[in-house]
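*Asks:* File start_11.cif below, mmCIF, C-alpha atoms:
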```
data_entry
loop_
_atom_site.label_atom_id
_atom_site.label_comp_id
_atom_site.auth_asym_id
_atom_site.auth_seq_id
_atom_site.Cartn_x
_atom_site.Cartn_y
_atom_site.Cartn_z
CA MET A 1 -15.47 -8.38 5.16
CA ILE A 2 -13.49 -5.15 4.91
CA THR A 3 -10.50 -4.39 7.15
CA VAL A 4 -8.62 -1.12 7.43
CA ALA A 5 -5.12 -1.64 8.84
CA VAL A 6 -3.77 1.55 10.42
CA ALA A 7 -0.12 1.89 11.50
CA THR A 8 0.61 4.55 14.12
CA TYR A 9 3.65 6.00 15.84
CA ASN A 10 3.68 9.32 17.70
CA GLY A 11 0.80 10.56 15.58
CA GLU A 12 -1.38 12.33 18.15
CA ARG A 13 -1.47 15.56 16.15
CA TYR A 14 -3.32 14.17 13.13
CA ILE A 15 -4.66 10.72 14.02
CA GLU A 16 -8.13 11.86 15.13
CA GLU A 17 -8.80 13.60 11.80
CA GLN A 18 -7.74 10.47 9.93
CA LEU A 19 -9.91 8.22 12.10
CA ASP A 20 -12.86 10.54 11.58
CA SER A 21 -12.45 10.23 7.82
CA LEU A 22 -12.66 6.44 8.28
CA ARG A 23 -15.75 6.74 10.48
CA LEU A 24 -17.53 8.88 7.88
CA GLN A 25 -16.99 6.49 4.95
CA THR A 26 -20.09 5.91 2.84
CA VAL A 27 -19.26 2.18 3.08
CA SER A 28 -18.11 1.45 6.62
CA PRO A 29 -15.29 -1.01 7.22
CA ASP A 30 -16.19 -4.11 9.24
CA GLU A 31 -12.89 -3.98 11.09
CA VAL A 32 -10.33 -1.28 11.84
CA ILE A 33 -7.06 -2.49 13.35
CA ILE A 34 -4.85 0.25 14.74
CA CYS A 35 -1.36 -1.13 15.33
CA ASP A 36 0.78 1.21 17.43
CA ASP A 37 4.56 0.93 17.27
CA GLY A 38 5.45 2.06 20.78
CA SER A 39 4.32 5.68 20.67
CA THR A 40 5.70 7.90 23.41
CA ASP A 41 2.99 10.53 23.00
CA ASN A 42 -0.80 10.24 23.46
CA THR A 43 -1.56 8.46 20.19
CA VAL A 44 -2.91 5.31 21.84
CA ALA A 45 -5.05 7.26 24.31
CA VAL A 46 -6.48 9.43 21.51
CA CYS A 47 -7.38 6.34 19.46
CA ARG A 48 -9.04 4.53 22.35
CA GLU A 49 -10.99 7.61 23.37
CA PHE A 50 -12.16 8.13 19.77
CA ILE A 51 -13.38 4.53 19.54
CA GLU A 52 -15.21 4.73 22.87
CA GLU A 53 -16.82 8.11 22.24
CA ASN A 54 -18.15 7.01 18.86
CA GLY A 55 -19.20 3.50 19.92
CA LEU A 56 -17.23 1.86 17.14
CA SER A 57 -17.57 -1.90 17.30
CA GLY A 58 -14.96 -3.79 15.29
CA TRP A 59 -12.36 -1.10 15.94
CA LYS A 60 -9.41 -2.01 18.17
CA VAL A 61 -6.00 -0.73 19.20
CA LEU A 62 -3.04 -3.10 19.44
CA GLN A 63 0.38 -2.17 20.82
CA ASN A 64 3.70 -3.67 19.80
CA GLU A 65 5.92 -4.81 22.66
CA LYS A 66 8.83 -2.97 21.05
CA ASN A 67 9.33 -0.50 18.22
CA LEU A 68 9.50 -2.36 14.91
CA GLY A 69 9.65 0.47 12.41
CA TYR A 70 6.83 1.48 10.07
CA CYS A 71 7.45 -1.29 7.56
CA LEU A 72 7.29 -4.23 9.99
CA ASN A 73 4.47 -2.52 11.87
CA PHE A 74 2.36 -2.62 8.71
CA TYR A 75 3.20 -6.29 8.13
CA GLY A 76 1.99 -6.99 11.67
CA ALA A 77 -1.26 -5.11 11.12
CA ILE A 78 -1.82 -6.98 7.85
CA GLU A 79 -1.23 -10.33 9.53
CA LYS A 80 -3.86 -9.53 12.16
CA ALA A 81 -6.44 -8.40 9.58
CA ASN A 82 -9.45 -10.71 9.14
CA GLY A 83 -10.98 -9.03 6.10
CA ASP A 84 -11.27 -10.39 2.57
CA ILE A 85 -10.22 -6.93 1.38
CA ILE A 86 -7.53 -5.08 3.32
CA PHE A 87 -7.06 -1.33 3.10
CA LEU A 88 -3.80 0.20 4.35
CA CYS A 89 -3.98 3.51 6.18
CA ASP A 90 -1.39 5.97 7.46
CA GLN A 91 -1.98 7.96 10.64
CA ASP A 92 -1.94 11.47 9.20
CA ASP A 93 -3.83 11.52 5.91
CA ILE A 94 -7.47 12.34 5.15
CA TRP A 95 -9.62 9.94 3.16
CA ASP A 96 -12.41 11.14 0.90
CA ASN A 97 -15.73 9.88 2.30
CA ASN A 98 -16.30 7.61 -0.71
CA LYS A 99 -12.80 6.12 -0.92
CA ILE A 100 -13.78 2.64 0.24
CA GLU A 101 -17.02 2.68 -1.79
CA ILE A 102 -15.32 3.58 -5.08
CA MET A 103 -12.44 1.16 -4.62
CA LEU A 104 -14.80 -1.72 -3.75
CA LYS A 105 -16.94 -0.95 -6.79
CA THR A 106 -13.82 -1.01 -8.98
CA LEU A 107 -12.84 -4.40 -7.56
CA GLU A 108 -16.33 -5.80 -8.14
CA GLU A 109 -16.36 -4.61 -11.74
CA ASN A 110 -12.84 -5.93 -12.40
CA PRO A 111 -12.44 -9.33 -10.69
CA GLN A 112 -8.93 -9.77 -12.10
CA ILE A 113 -7.64 -7.09 -9.70
CA SER A 114 -5.82 -8.36 -6.61
CA MET A 115 -4.28 -5.01 -5.58
CA LEU A 116 -5.77 -1.61 -6.33
CA ALA A 117 -4.09 1.75 -5.78
CA THR A 118 -5.52 5.21 -6.33
CA ARG A 119 -4.08 8.65 -6.88
CA TYR A 120 -3.99 11.25 -4.14
CA ARG A 121 -3.75 14.99 -3.60
CA LEU A 122 -0.93 16.63 -1.65
CA VAL A 123 -1.71 18.76 1.39
CA ASP A 124 0.51 20.38 3.99
CA GLY A 125 0.49 20.00 7.76
CA ASN A 126 -2.59 22.22 7.98
CA GLY A 127 -4.52 20.30 5.34
CA LYS A 128 -4.03 22.99 2.69
CA PRO A 129 -3.19 22.04 -0.92
CA THR A 130 0.52 22.00 -1.67
CA ASP A 131 2.75 20.98 -4.56
CA ILE A 132 5.81 19.69 -2.72
CA ALA A 133 8.06 18.44 -5.50
CA THR A 134 10.18 16.22 -3.26
CA VAL A 135 7.50 13.55 -2.78
CA PRO A 136 9.12 10.56 -4.55
CA HIS A 137 7.49 9.49 -7.82
CA TYR A 138 4.41 11.64 -7.32
CA GLU A 139 2.20 11.87 -10.40
CA ALA A 140 -1.00 13.92 -10.54
CA ASN A 141 -2.74 11.72 -13.10
CA PHE A 142 -6.41 12.34 -12.34
CA SER A 143 -7.81 11.07 -15.66
CA GLY A 144 -10.16 8.53 -14.06
CA THR A 145 -8.72 5.67 -16.10
CA LEU A 146 -7.84 2.22 -14.77
CA GLU A 147 -4.16 1.52 -15.34
CA LYS A 148 -2.52 -1.90 -15.21
CA LEU A 149 0.78 -1.90 -13.30
CA LEU A 150 3.60 -4.02 -14.72
CA PRO A 151 6.31 -5.72 -12.62
CA GLU A 152 9.04 -4.17 -14.77
CA SER A 153 8.02 -0.75 -13.49
CA PHE A 154 8.74 -1.78 -9.88
CA ILE A 155 12.30 -3.01 -10.39
CA GLY A 156 14.47 -0.94 -8.07
CA HIS A 157 11.85 1.48 -6.81
CA SER A 158 8.25 1.93 -5.73
CA TYR A 159 5.88 4.60 -7.02
CA ILE A 160 2.72 3.33 -5.30
CA ARG A 161 1.99 4.41 -1.73
CA GLY A 162 0.55 1.85 0.64
CA CYS A 163 -1.88 4.34 2.16
CA ALA A 164 -3.60 4.56 -1.23
CA THR A 165 -4.00 0.82 -1.74
CA CYS A 166 -6.22 -2.11 -0.92
CA PHE A 167 -5.68 -5.76 -1.75
CA LYS A 168 -7.32 -9.16 -1.50
CA SER A 169 -6.41 -11.27 1.51
CA GLU A 170 -4.96 -14.10 -0.60
CA LEU A 171 -1.89 -11.92 -1.16
CA LYS A 172 -1.04 -12.20 2.55
CA GLU A 173 0.58 -15.61 2.12
CA LYS A 174 3.16 -14.09 -0.23
CA LEU A 175 4.04 -11.12 1.97
CA LYS A 176 7.18 -12.24 3.76
CA PRO A 177 7.96 -9.59 6.42
CA ILE A 178 11.14 -8.32 4.81
CA GLU A 179 12.52 -5.10 6.30
CA LEU A 180 12.37 -2.58 3.46
CA ARG A 181 12.06 0.72 5.27
CA SER A 182 15.32 2.28 4.05
CA LEU A 183 14.50 2.49 0.34
CA LEU A 184 11.48 0.52 -0.88
CA GLY A 185 8.87 -0.07 1.82
CA HIS A 186 6.14 -2.65 2.41
CA ASP A 187 4.05 -1.13 -0.40
CA TRP A 188 6.74 -2.10 -2.93
CA LEU A 189 6.46 -5.76 -1.95
CA ILE A 190 2.67 -5.73 -2.14
CA SER A 191 2.70 -4.00 -5.53
CA MET A 192 5.43 -6.21 -6.98
CA VAL A 193 3.87 -9.50 -5.82
CA SER A 194 0.44 -8.60 -7.16
CA SER A 195 1.85 -7.30 -10.45
CA LEU A 196 3.59 -10.64 -11.14
CA ASP A 197 0.17 -12.28 -11.56
CA GLY A 198 -1.21 -9.38 -13.57
CA GLY A 199 -3.47 -8.25 -10.75
CA ALA A 200 -2.01 -4.84 -9.86
CA TYR A 201 -3.92 -1.77 -11.03
CA CYS A 202 -4.13 1.93 -10.30
CA LEU A 203 -7.33 3.93 -10.50
CA ASN A 204 -6.26 7.37 -11.70
CA THR A 205 -8.71 9.17 -9.45
CA PRO A 206 -7.68 11.03 -6.28
CA LEU A 207 -9.51 9.55 -3.28
CA MET A 208 -7.46 10.90 -0.40
CA SER A 209 -5.28 13.78 0.72
CA TYR A 210 -1.69 12.78 1.45
CA ARG A 211 -0.32 15.01 4.19
CA CYS A 212 3.27 16.22 3.70
CA HIS A 213 4.90 17.45 6.88
CA GLU A 214 8.21 17.20 8.69
CA ASN A 215 7.12 14.25 10.85
CA ASN A 216 5.93 11.89 8.10
CA VAL A 217 7.40 8.50 9.01
CA SER A 218 7.74 7.04 5.51
CA PHE A 219 8.18 10.40 3.75
CA LYS A 220 10.88 11.38 6.21
CA ALA A 221 12.64 8.11 5.44
CA ASP A 222 12.52 8.92 1.72
CA ARG A 223 13.54 12.54 2.12
CA SER A 224 16.45 11.82 4.44
CA LYS A 225 18.35 9.72 1.88
CA ILE A 226 20.52 12.71 1.01
CA GLU A 227 21.55 13.04 4.65
CA ARG A 228 22.42 9.40 5.28
CA ARG A 229 25.85 8.16 6.00
CA VAL A 230 27.32 5.52 3.73
CA GLU A 231 26.37 2.73 6.15
CA LYS A 232 22.71 3.64 5.82
CA ARG A 233 22.88 3.60 2.03
CA ILE A 234 24.57 0.22 2.03
CA ALA A 235 21.90 -1.11 4.40
CA GLY A 236 19.17 0.15 2.06
CA LEU A 237 20.76 -1.50 -0.95
CA CYS A 238 21.11 -4.77 0.96
CA GLU A 239 17.42 -4.62 1.89
CA SER A 240 16.60 -4.04 -1.76
CA LEU A 241 18.66 -7.06 -2.80
CA GLU A 242 16.88 -9.24 -0.25
CA GLY A 243 13.50 -8.07 -1.51
CA HIS A 244 14.33 -8.68 -5.16
CA GLU A 245 15.86 -12.08 -4.33
CA TYR A 246 12.58 -13.01 -2.67
CA ILE A 247 10.58 -11.81 -5.67
CA LEU A 248 12.64 -14.03 -7.96
CA SER A 249 11.11 -17.07 -6.25
CA PHE A 250 7.77 -16.13 -7.85
CA VAL A 251 9.05 -15.16 -11.31
CA ASN A 252 8.42 -17.59 -14.17
CA ASP A 253 9.00 -15.23 -17.07
CA ALA A 254 12.60 -15.58 -18.26
CA LYS A 255 12.81 -12.02 -19.57
CA LEU A 256 11.58 -10.49 -16.33
CA LYS A 257 13.88 -12.73 -14.31
CA SER A 258 16.83 -11.57 -16.40
CA ARG A 259 15.90 -7.91 -15.83
CA ILE A 260 15.70 -8.37 -12.07
CA GLU A 261 19.00 -10.26 -11.97
CA ARG A 262 20.63 -7.50 -14.03
CA PHE A 263 19.38 -4.93 -11.55
CA MET A 264 20.71 -6.97 -8.65
CA ARG A 265 24.16 -7.19 -10.24
CA PHE A 266 24.11 -3.43 -10.65
CA GLU A 267 23.19 -2.91 -6.99
CA LYS A 268 25.99 -5.23 -5.92
CA ARG A 269 28.45 -3.12 -7.90
CA ARG A 270 27.24 -0.04 -6.04
CA ILE A 271 27.67 -1.79 -2.71
CA LYS A 272 31.17 -2.88 -3.70
CA PHE A 273 32.15 0.73 -4.39
CA LEU A 274 30.52 2.09 -1.24
CA LYS A 275 32.38 -0.47 0.86
CA SER A 276 35.75 -0.31 -0.89
CA LYS A 277 35.76 3.39 -1.89
CA ASN A 278 37.75 2.26 -4.91
CA ILE A 279 37.79 5.16 -7.35
CA PHE A 280 38.04 2.81 -10.34
CA CYS A 281 34.78 1.13 -9.24
CA PHE A 282 33.19 4.56 -9.17
CA ILE A 283 34.48 5.43 -12.64
CA SER A 284 33.16 2.12 -13.99
CA LEU A 285 29.73 3.00 -12.59
CA PHE A 286 29.78 6.17 -14.70
CA PHE A 287 29.25 3.93 -17.72
CA SER A 288 26.10 2.63 -16.04
CA LEU A 289 24.37 6.01 -15.85
CA ARG A 290 21.62 4.66 -18.07
CA GLN A 291 20.88 2.03 -15.44
CA TYR A 292 20.91 4.65 -12.68
CA SER A 293 18.34 6.65 -14.66
CA ARG A 294 16.20 3.62 -15.44
CA TYR A 295 15.98 2.43 -11.85
CA TYR A 296 15.85 5.78 -10.07
CA ASN A 297 13.20 7.66 -12.01
CA GLY A 298 15.52 9.67 -14.23
CA GLY A 299 17.77 10.89 -11.42
CA GLY A 300 20.72 8.86 -12.66
CA PHE A 301 23.53 11.40 -12.48
CA ARG A 302 22.38 12.70 -9.09
CA VAL A 303 22.28 9.21 -7.55
CA TRP A 304 25.64 8.28 -9.11
CA LEU A 305 27.22 11.44 -7.74
CA GLY A 306 25.49 10.80 -4.42
CA ASP A 307 27.29 7.46 -4.16
CA PHE A 308 30.59 9.33 -4.36
CA VAL A 309 29.52 11.89 -1.77
CA TYR A 310 28.33 9.21 0.64
CA ALA A 311 31.40 7.05 0.14
CA TYR A 312 33.78 9.87 0.91
CA LYS A 313 31.43 11.68 3.32
CA LYS A 314 31.93 15.01 1.60
#
```
What would the structure in this file look like if it were written as structure tokens?
*Replies:*
Amino acid sequence: MITVAVATYNGERYIEEQLDSLRLQTVSPDEVIICDDGSTDNTVAVCREFIEENGLSGWKVLQNEKNLGYCLNFYGAIEKANGDIIFLCDQDDIWDNNKIEIMLKTLEENPQISMLATRYRLVDGNGKPTDIATVPHYEANFSGTLEKLLPESFIGHSYIRGCATCFKSELKEKLKPIELRSLLGHDWLISMVSSLDGGAYCLNTPLMSYRCHENNVSFKADRSKIERRVEKRIAGLCESLEGHEYILSFVNDAKLKSRIERFMRFEKRRIKFLKSKNIFCFISLFFSLRQYSRYYNGGGFRVWLGDFVYAYKK
């Protein structure tokens, strides 16, 4: 059984095009769960009308009693999914018609895979190709190869987008609903947990168009880091620590455990500076620029300097 879990929030502008790309899949999902996070526009009405007009059995719209944020909204949708394979879906992208078919075929041919991601193209708000360079960790590797994802590569950051992934339902029991919306996201937890058992892979083939526009919920969260006040940055680092602490409960490899613990000590030093604004703490962090670069995709000096700017609100 195949489930597509869709998270929505004020997405009336694009949601119908995304739902239509699900409807037109060459392999139809058995279940589509649309979990709305308290939209104040017509998102819910658009979804219900689309389902009714197209006679889509197995499709349903659920509404949260209160706004949870995109991360917890996805956890809720995942929890309600009944499928053996669960696909995650944003409200504003466009799936290629054979996305489900190709990903299922890859899973069948490679039974060791527990989580599979794919590459994606970038399009703007009008669906036209774009090359926005500010999409975090974007890589246009369209070689068609199957790439194994290692847990070391997820320490401190996530480069896999949930909307491009599917995973086997047995992973659900390891997905503690940790709030990770400030820096990492639910997709980080899914990728990290599956990579620990050697089951995380990426198919380097683009199977969807990722829409970049000013109202992206998760993209906006990523992009707004430069604008956050110091309290927001501290909150994000604390979320990251909680997530990595949880991951440690699954780690058996001593070397990997040591790497994660080293990262956590580094994050705690950043929090100490951001809270104390002690200039000597900041200077000591200068000698950790290599760690900044390792954990933040080469942007070490920028992130280090950003800590100073946020701390002193310059």
*Asks:* Closest to Cys166 of chain A among A:Tyr14, A:Tyr310, A:Phe87, A:Trp304, using all atoms listed in the file?
*Replies:*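 Among A:Tyr14, A:Tyr310, A:Phe87, A:Trp304, it is A:Phe87 that comes nearest to Cys166 of chain A.
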*Asks:* Name the residues captured by the PyMOL selection byres ((chain A and resi 118) around 12) when it is applied to the shown file; answer as a ChimeraX atom specification.
*Replies:* /A:87-88,95-96,99-100,102-104,106,115-117,119-121,138-149,159-167,200-210
*Asks:* With all atoms listed in the file as the counted atoms, please give the residues lying no more than 12 Å from Glu173 of chain A, apart from itself and same-chain residues fewer than 4 positions off, as a list in words.
*Replies:* Tyr75, Ile78, Glu79, Lys168, Ser169, Pro177, Ile190, Val193 and Ser194 of chain A
*Asks:* Please indicate the distance in Å from atom CA of Leu171 of chain A to atom CA of Val44 of chain A, rounded to one decimal place.
*Replies:*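 It comes out at 28.8 Å.
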*Asks:* Using all atoms listed in the file, which of A:Ser258, A:Thr43, A:Ser249, A:Ser182 sits nearest Lys232 of chain A?
*Replies:*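 Distance minimum relative to Lys232 of chain A lands on A:Ser182.
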*Asks:* Can you work out the spacing between atom CA of Glu267 of chain A and atom CA of Phe154 of chain A in Å, to one decimal?
*Replies:* 14.8 Å
*Asks:* Considering only C-alpha atoms, state which residue in the set A:Glu49, A:Arg270, A:Leu62, A:Asn97 is at the smallest distance from Gln25 of chain A.
*Replies:*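 Comparing A:Glu49, A:Arg270, A:Leu62, A:Asn97 against Gln25 of chain A, the winner is A:Asn97.
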*Asks:* Residues within 10 Å of (-3.0, 19.5, 5.8), file coordinates, counting all atoms listed in the file: what are they? Give the list as a list in words.
*Replies:*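 Checked against the point, the hits come out as Tyr14, Asp92, Asp93, Ile94, Leu122, Val123, Asp124, Gly125, Asn126, Gly127, Lys128, Pro129, Thr130, Ser209, Tyr210, Arg211, Cys212 and His213 of chain A.
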